[in-house]
Amino acid sequence: MTSQNPSPAPVTSFQSGPLHGVVTVPGDKSISHRALILGGLAAGETRISGLLEGEDVLCTAEAMRALGVDITRSDDGIWHVFGKGVGALSEPDKVLNMGNSGTAARLLMGLVANCPFTTFFQGDASLHSRPMGRISLPLGEMGANVTSRSEGRFPLAVSGRELMPIDYELPVASAQVKSAIMLAALDTPGISRITEPRPSRDHTENMLRHFGAEVTVTVQEDESRVIELAGQQELTAADIIVPGDPSSSAFLAVAAAITEGSDVTLNNIGLNPLRDGLFECLKEMGADIDVTNLRQEAGEKVGDIRIRSAPLTGIEVPPERAPSMIDEYPVLFVAAAFAKGKTVMRGIRELRVKESDRLSTMAEGLKACGVSLQEEEDGLIIEGDGSAPTGGATVATKLDHRIAMAFLTLGLGTEKPVTVDDGNVMETSFPGFVSLMKELGSDIRDGDSA
Ligand code: S3P
């Protein structure tokens with residue numbers, strides 16, 4: 001775990017020539033967590049191929065094992081989950097360590113809320129600072145008891161019991177909150193109803209259907225969604241192919257867009273319409289992007305993406321697009337730093353409660369790299385003249401994988417190299433990021449630039 005790694009390892013990216021190649025990126029993090037969790041509840045063996053073997057997902061695998069699910073990995077890279085059926089988890093004999101992963105933490109809190117025992121959770125320093133009240137509150141309404149540190153923070157304990165169904169309107173667009181409630185509702189008699197004012201990623205809904213459950217989603221006139229789930233349905237094991245993670249592919253896409261002469265193809269990327277906001281933005285900014293080979297796998301849209309470099313222009317990003325690209329803002333900020341004109345991004349206060357405060361961490365680092373910007377409480381405005389920013393700074397990653405990858409992407413185009421203070425953090429979501437980038441032709445080296 002990054003939390004246990006004592007020695008930070010700086011990594012530096014240098015201005016690079018054109019990037020070329022056809023690559024696949026590691027599996028989707030959101031889908032990987034859900035495959036292990038729902039696979040553990042589905043009766044029978046679920047075989048998962050393409051599972052992301054990053055630290056976040058490995059925390060979920062370890063936690064599911066501690067809850068009594070038999071999970072193995074065969075030499076061909078396939079993960080085998082021998083599901084116990086809904087309502088059959090057993091009491092862990094240790095504290096569940098969620099590492100850096102908000103998704104593992106929040107989904108598993110929901111999962112154990114109706115188990116007849118107490119589950120203890122902890123994580124790294126980043127996770128201990130993140131808000132968990134957004135999960136404890138609805139779980140508490142359903143009847144579970146969550147005992148936490150002040151302001152609902154980790155470490156905490158969830159004492160499960162038989163729950164009551166809930167009718168809950170999400171105060172923030174959050175797939176983690178929605179999914180935690182759905183997981184708690186799965187073994188709760190009656191129908192639970194969740195209203196989301198703005199749609200968030202729907203991988204839990206898709207995968208529940210893939211395992212044979214009935215989930216009803218009604219899209220209302222104002223685009224809000226009502227999700228209804230009847231409890232105590234049986235899930236049946238089904239194989240899952242995890243597509244490449246669009247959030248990981250975003251770094252490669254922006255790297256190709258900003259590095260002159262680049263032509264990169266990313267195969268087998270998840271293109272769920274509730275995740276594709278960054279590609280929309282890049283297209284509006286003038287990026288040259290083609291999507292081919294569109295298909296459907298395990299209830300998810302998948303395709304190949306070809307990106308060629310092109311001059312970018314600033315845009316105003318509609319705030320309602322934020323949930324469909326919430327993890328991609330750090331790298332969108334990078335694209336904006338190379339674009340001509342203003343890029344206005346608002347309605348993104350949620351970035352302040354991610355693995356780090358991504359608004360201020362990015363603003364601080366970009367400023368140090370000579371980017372002209374204005375930070376607002378819920379947004380960022382970046383103004384460029386279409387030329388490369390200066391770079392030449394060392395940036396604090398603050399236990400945040402996406403900060404590290406965003407700044408290493410930036411450094412491929414800046415005049416002077418950009419160093420991130422700790423490359424280990426990338427292991428949480430994108431093992432092999434640096435070698436994949438090198439394979440495409442980028443100049444990224446261990447150590448600082450001195
Ligand atoms: C995720 C949902 C998002 C996202 C996170 C993964 C998920 O968080 O930022 O990386 O898998 O459900 P929120 O639910 O807090 O928006």
# chains A, B, ... in the order shown; residues from 1 in each chain; ligands from 1
$ select_by_dssp --residues "region 67-314 of chain A" --states "strand (DSSP E)" --output "ChimeraX atom specification"
/A:70-73,79-83,96-97,118-122,145-148,156-159,167-169,191-196,215-219,225-230,240-241,263-270,288-297,300-308
$ residues_around --residues "region 225-227 of chain A" --least-positions-apart "2" --cutoff "10 Å" --atoms "only C-alpha atoms" --output "JSON, numbers by chain"
{"A": [167, 168, 169, 178, 182, 192, 193, 194, 195, 196, 197, 198, 199, 200, 205, 215, 216, 217, 218, 219, 220, 221, 222, 223, 229]}
$ closest_residue --among "A:Ala238, A:Ile166, A:Cys59, A:Ala185" --to "Arg47 (chain A)" --atoms "only C-alpha atoms"
A:Ala238
$ residues_near_ligand --ligand "ligand 1" --cutoff "7 Å" --atoms "only C-alpha atoms and all ligand atoms" --output "number ranges by chain"
A: 29-30, 103, 173-177, 179, 201, 323, 326-327, 354
$ write_last_selection --atoms "N, CA, C and O atoms" --output "PDB file, in the first residue's frame"
ATOM      1  N   LYS A  29     -11.397   0.822 -12.860  1.00  0.00           N
ATOM      2  CA  LYS A  29     -11.332   0.689 -11.395  1.00  0.00           C
ATOM      3  C   LYS A  29     -12.738   0.507 -10.803  1.00  0.00           C
ATOM      4  O   LYS A  29     -12.953  -0.385  -9.980  1.00  0.00           O
ATOM      5  N   SER A  30     -13.680   1.317 -11.240  1.00  0.00           N
ATOM      6  CA  SER A  30     -15.041   1.233 -10.689  1.00  0.00           C
ATOM      7  C   SER A  30     -15.652  -0.132 -10.959  1.00  0.00           C
ATOM      8  O   SER A  30     -16.274  -0.744 -10.079  1.00  0.00           O
ATOM      9  N   THR A 103     -13.740   4.392  -2.972  1.00  0.00           N
ATOM     10  CA  THR A 103     -14.777   3.512  -3.534  1.00  0.00           C
ATOM     11  C   THR A 103     -14.882   2.232  -2.713  1.00  0.00           C
ATOM     12  O   THR A 103     -15.986   1.811  -2.337  1.00  0.00           O
ATOM     13  N   ALA A 173     -24.214  14.413  -6.433  1.00  0.00           N
ATOM     14  CA  ALA A 173     -24.179  13.367  -7.462  1.00  0.00           C
ATOM     15  C   ALA A 173     -23.014  12.455  -7.119  1.00  0.00           C
ATOM     16  O   ALA A 173     -21.865  12.812  -7.326  1.00  0.00           O
ATOM     17  N   SER A 174     -23.299  11.299  -6.546  1.00  0.00           N
ATOM     18  CA  SER A 174     -22.214  10.399  -6.145  1.00  0.00           C
ATOM     19  C   SER A 174     -22.598   8.945  -6.382  1.00  0.00           C
ATOM     20  O   SER A 174     -23.532   8.422  -5.755  1.00  0.00           O
ATOM     21  N   ALA A 175     -21.849   8.309  -7.270  1.00  0.00           N
ATOM     22  CA  ALA A 175     -22.093   6.887  -7.541  1.00  0.00           C
ATOM     23  C   ALA A 175     -21.713   6.048  -6.335  1.00  0.00           C
ATOM     24  O   ALA A 175     -22.268   4.963  -6.132  1.00  0.00           O
ATOM     25  N   GLN A 176     -20.772   6.540  -5.538  1.00  0.00           N
ATOM     26  CA  GLN A 176     -20.376   5.766  -4.360  1.00  0.00           C
ATOM     27  C   GLN A 176     -21.504   5.730  -3.336  1.00  0.00           C
ATOM     28  O   GLN A 176     -21.795   4.684  -2.756  1.00  0.00           O
ATOM     29  N   VAL A 177     -22.159   6.877  -3.127  1.00  0.00           N
ATOM     30  CA  VAL A 177     -23.263   6.907  -2.163  1.00  0.00           C
ATOM     31  C   VAL A 177     -24.420   6.057  -2.699  1.00  0.00           C
ATOM     32  O   VAL A 177     -24.979   5.210  -1.985  1.00  0.00           O
ATOM     33  N   SER A 179     -24.317   3.598  -4.745  1.00  0.00           N
ATOM     34  CA  SER A 179     -23.984   2.168  -4.739  1.00  0.00           C
ATOM     35  C   SER A 179     -23.986   1.602  -3.327  1.00  0.00           C
ATOM     36  O   SER A 179     -24.394   0.454  -3.112  1.00  0.00           O
ATOM     37  N   ARG A 201     -22.276   7.685 -12.564  1.00  0.00           N
ATOM     38  CA  ARG A 201     -21.950   6.427 -13.250  1.00  0.00           C
ATOM     39  C   ARG A 201     -22.859   5.309 -12.757  1.00  0.00           C
ATOM     40  O   ARG A 201     -23.129   5.205 -11.547  1.00  0.00           O
ATOM     41  N   PRO A 323     -20.366  15.253 -13.290  1.00  0.00           N
ATOM     42  CA  PRO A 323     -20.334  13.860 -12.787  1.00  0.00           C
ATOM     43  C   PRO A 323     -19.793  12.867 -13.814  1.00  0.00           C
ATOM     44  O   PRO A 323     -19.253  11.834 -13.435  1.00  0.00           O
ATOM     45  N   ILE A 326     -15.759  13.431 -13.426  1.00  0.00           N
ATOM     46  CA  ILE A 326     -15.291  14.017 -12.169  1.00  0.00           C
ATOM     47  C   ILE A 326     -13.819  13.683 -11.889  1.00  0.00           C
ATOM     48  O   ILE A 326     -13.082  14.515 -11.361  1.00  0.00           O
ATOM     49  N   ASP A 327     -13.374  12.485 -12.286  1.00  0.00           N
ATOM     50  CA  ASP A 327     -11.974  12.108 -12.023  1.00  0.00           C
ATOM     51  C   ASP A 327     -11.011  12.645 -13.076  1.00  0.00           C
ATOM     52  O   ASP A 327      -9.796  12.525 -12.931  1.00  0.00           O
ATOM     53  N   LYS A 354     -11.745  14.729  -2.865  1.00  0.00           N
ATOM     54  CA  LYS A 354     -11.216  13.504  -3.484  1.00  0.00           C
ATOM     55  C   LYS A 354      -9.962  13.069  -2.711  1.00  0.00           C
ATOM     56  O   LYS A 354      -9.765  13.487  -1.583  1.00  0.00           O
TER      57      LYS A 354
END
$ select_by_dssp --residues "region 332-384 of chain A" --states "helix (DSSP H, G or I)" --output "PyMOL selection string"
chain A and resi 332-338+349-353+358-368
$ residues_around --residues "region 419-421 of chain A" --least-positions-apart "2" --cutoff "8 Å" --atoms "only C-alpha atoms" --output "list in words"
Pro8, Ala9, Pro10, Val11, Thr12, Ser13, Gly392, Ala393, Thr394, Val395, Ala396, Thr397, Ala404, Phe407, Leu408, Gly411, Pro417, Gly423, Gly447, Asp448 and Ser449 of chain A
$ closest_residue --among "A:Ala363, A:Ile289, A:Met325, A:Ile382" --to "Lys342 (chain A)" --atoms "only C-alpha atoms"
A:Ile382
$ closest_residue --among "A:Gly277, A:Lys283, A:Ile381, A:Ile31" --to "Glu316 (chain A)" --atoms "only C-alpha atoms"
A:Ile381
$ atom_distance --atom1 "CA of Gly261 (chain A)" --atom2 "CA of Ala368 (chain A)"
27.0 Å
$ residues_around --residues "Val57 (chain A)" --least-positions-apart "2" --cutoff "9 Å" --atoms "only C-alpha atoms" --output "mmCIF file with N, CA, C and O atoms, in the first residue's frame"
data_model
loop_
_atom_site.group_PDB
_atom_site.id
_atom_site.type_symbol
_atom_site.label_atom_id
_atom_site.label_comp_id
_atom_site.auth_asym_id
_atom_site.auth_seq_id
_atom_site.Cartn_x
_atom_site.Cartn_y
_atom_site.Cartn_z
ATOM 1 N N LYS A 29 -11.397 0.822 -12.860
ATOM 2 C CA LYS A 29 -11.332 0.689 -11.395
ATOM 3 C C LYS A 29 -12.738 0.507 -10.803
ATOM 4 O O LYS A 29 -12.953 -0.385 -9.980
ATOM 5 N N SER A 30 -13.680 1.317 -11.240
ATOM 6 C CA SER A 30 -15.041 1.233 -10.689
ATOM 7 C C SER A 30 -15.652 -0.132 -10.959
ATOM 8 O O SER A 30 -16.274 -0.744 -10.079
ATOM 9 N N SER A 32 -14.057 -2.907 -11.633
ATOM 10 C CA SER A 32 -13.303 -3.960 -10.941
ATOM 11 C C SER A 32 -13.768 -4.126 -9.488
ATOM 12 O O SER A 32 -13.986 -5.247 -9.021
ATOM 13 N N HIS A 33 -13.931 -2.993 -8.775
ATOM 14 C CA HIS A 33 -14.440 -3.095 -7.393
ATOM 15 C C HIS A 33 -15.782 -3.829 -7.374
ATOM 16 O O HIS A 33 -16.024 -4.720 -6.567
ATOM 17 N N LEU A 36 -15.795 -7.655 -7.987
ATOM 18 C CA LEU A 36 -15.406 -8.462 -6.825
ATOM 19 C C LEU A 36 -16.517 -8.488 -5.775
ATOM 20 O O LEU A 36 -16.797 -9.523 -5.166
ATOM 21 N N LEU A 51 -9.348 -7.594 -14.762
ATOM 22 C CA LEU A 51 -9.498 -6.893 -13.479
ATOM 23 C C LEU A 51 -8.306 -5.961 -13.252
ATOM 24 O O LEU A 51 -7.162 -6.349 -13.509
ATOM 25 N N LEU A 52 -8.566 -4.766 -12.798
ATOM 26 C CA LEU A 52 -7.472 -3.841 -12.459
ATOM 27 C C LEU A 52 -6.746 -4.369 -11.223
ATOM 28 O O LEU A 52 -7.359 -4.514 -10.157
ATOM 29 N N GLU A 53 -5.451 -4.631 -11.371
ATOM 30 C CA GLU A 53 -4.694 -5.134 -10.221
ATOM 31 C C GLU A 53 -3.922 -3.983 -9.573
ATOM 32 O O GLU A 53 -2.719 -4.066 -9.337
ATOM 33 N N GLY A 54 -4.617 -2.905 -9.326
ATOM 34 C CA GLY A 54 -4.059 -1.753 -8.624
ATOM 35 C C GLY A 54 -4.381 -1.879 -7.143
ATOM 36 O O GLY A 54 -5.254 -2.658 -6.743
ATOM 37 N N GLU A 55 -3.686 -1.091 -6.326
ATOM 38 C CA GLU A 55 -3.823 -1.241 -4.875
ATOM 39 C C GLU A 55 -5.262 -1.051 -4.385
ATOM 40 O O GLU A 55 -5.706 -1.748 -3.485
ATOM 41 N N CYS A 59 -7.409 -3.946 -2.317
ATOM 42 C CA CYS A 59 -8.019 -3.757 -0.977
ATOM 43 C C CYS A 59 -9.412 -4.375 -0.945
ATOM 44 O O CYS A 59 -9.800 -5.010 0.043
ATOM 45 N N THR A 60 -10.168 -4.169 -2.015
ATOM 46 C CA THR A 60 -11.520 -4.745 -2.057
ATOM 47 C C THR A 60 -11.443 -6.267 -2.069
ATOM 48 O O THR A 60 -12.202 -6.951 -1.364
ATOM 49 N N ALA A 61 -10.496 -6.806 -2.853
ATOM 50 C CA ALA A 61 -10.368 -8.268 -2.912
ATOM 51 C C ALA A 61 -10.050 -8.823 -1.520
ATOM 52 O O ALA A 61 -10.662 -9.802 -1.056
ATOM 53 N N GLU A 62 -9.126 -8.163 -0.826
ATOM 54 C CA GLU A 62 -8.717 -8.613 0.504
ATOM 55 C C GLU A 62 -9.886 -8.528 1.487
ATOM 56 O O GLU A 62 -10.105 -9.424 2.306
ATOM 57 N N SER A 101 -8.517 3.971 -0.964
ATOM 58 C CA SER A 101 -9.683 3.858 -1.844
ATOM 59 C C SER A 101 -11.020 4.277 -1.242
ATOM 60 O O SER A 101 -11.621 3.572 -0.428
ATOM 61 N N ALA A 104 -13.727 1.610 -2.422
ATOM 62 C CA ALA A 104 -13.760 0.391 -1.601
ATOM 63 C C ALA A 104 -14.426 0.702 -0.265
ATOM 64 O O ALA A 104 -15.333 -0.007 0.186
ATOM 65 N N THR A 428 -2.114 2.988 -7.122
ATOM 66 C CA THR A 428 -3.503 2.776 -6.676
ATOM 67 C C THR A 428 -4.431 2.505 -7.857
ATOM 68 O O THR A 428 -5.330 1.689 -7.758
ATOM 69 N N SER A 429 -4.207 3.194 -8.995
ATOM 70 C CA SER A 429 -5.150 3.013 -10.105
ATOM 71 C C SER A 429 -4.498 2.634 -11.422
ATOM 72 O O SER A 429 -5.184 2.160 -12.319
#
$ closest_residue --among "A:Arg134, A:Leu67, A:Ala113, A:Ala180" --to "Leu163 (chain A)" --atoms "only C-alpha atoms"
A:Ala113
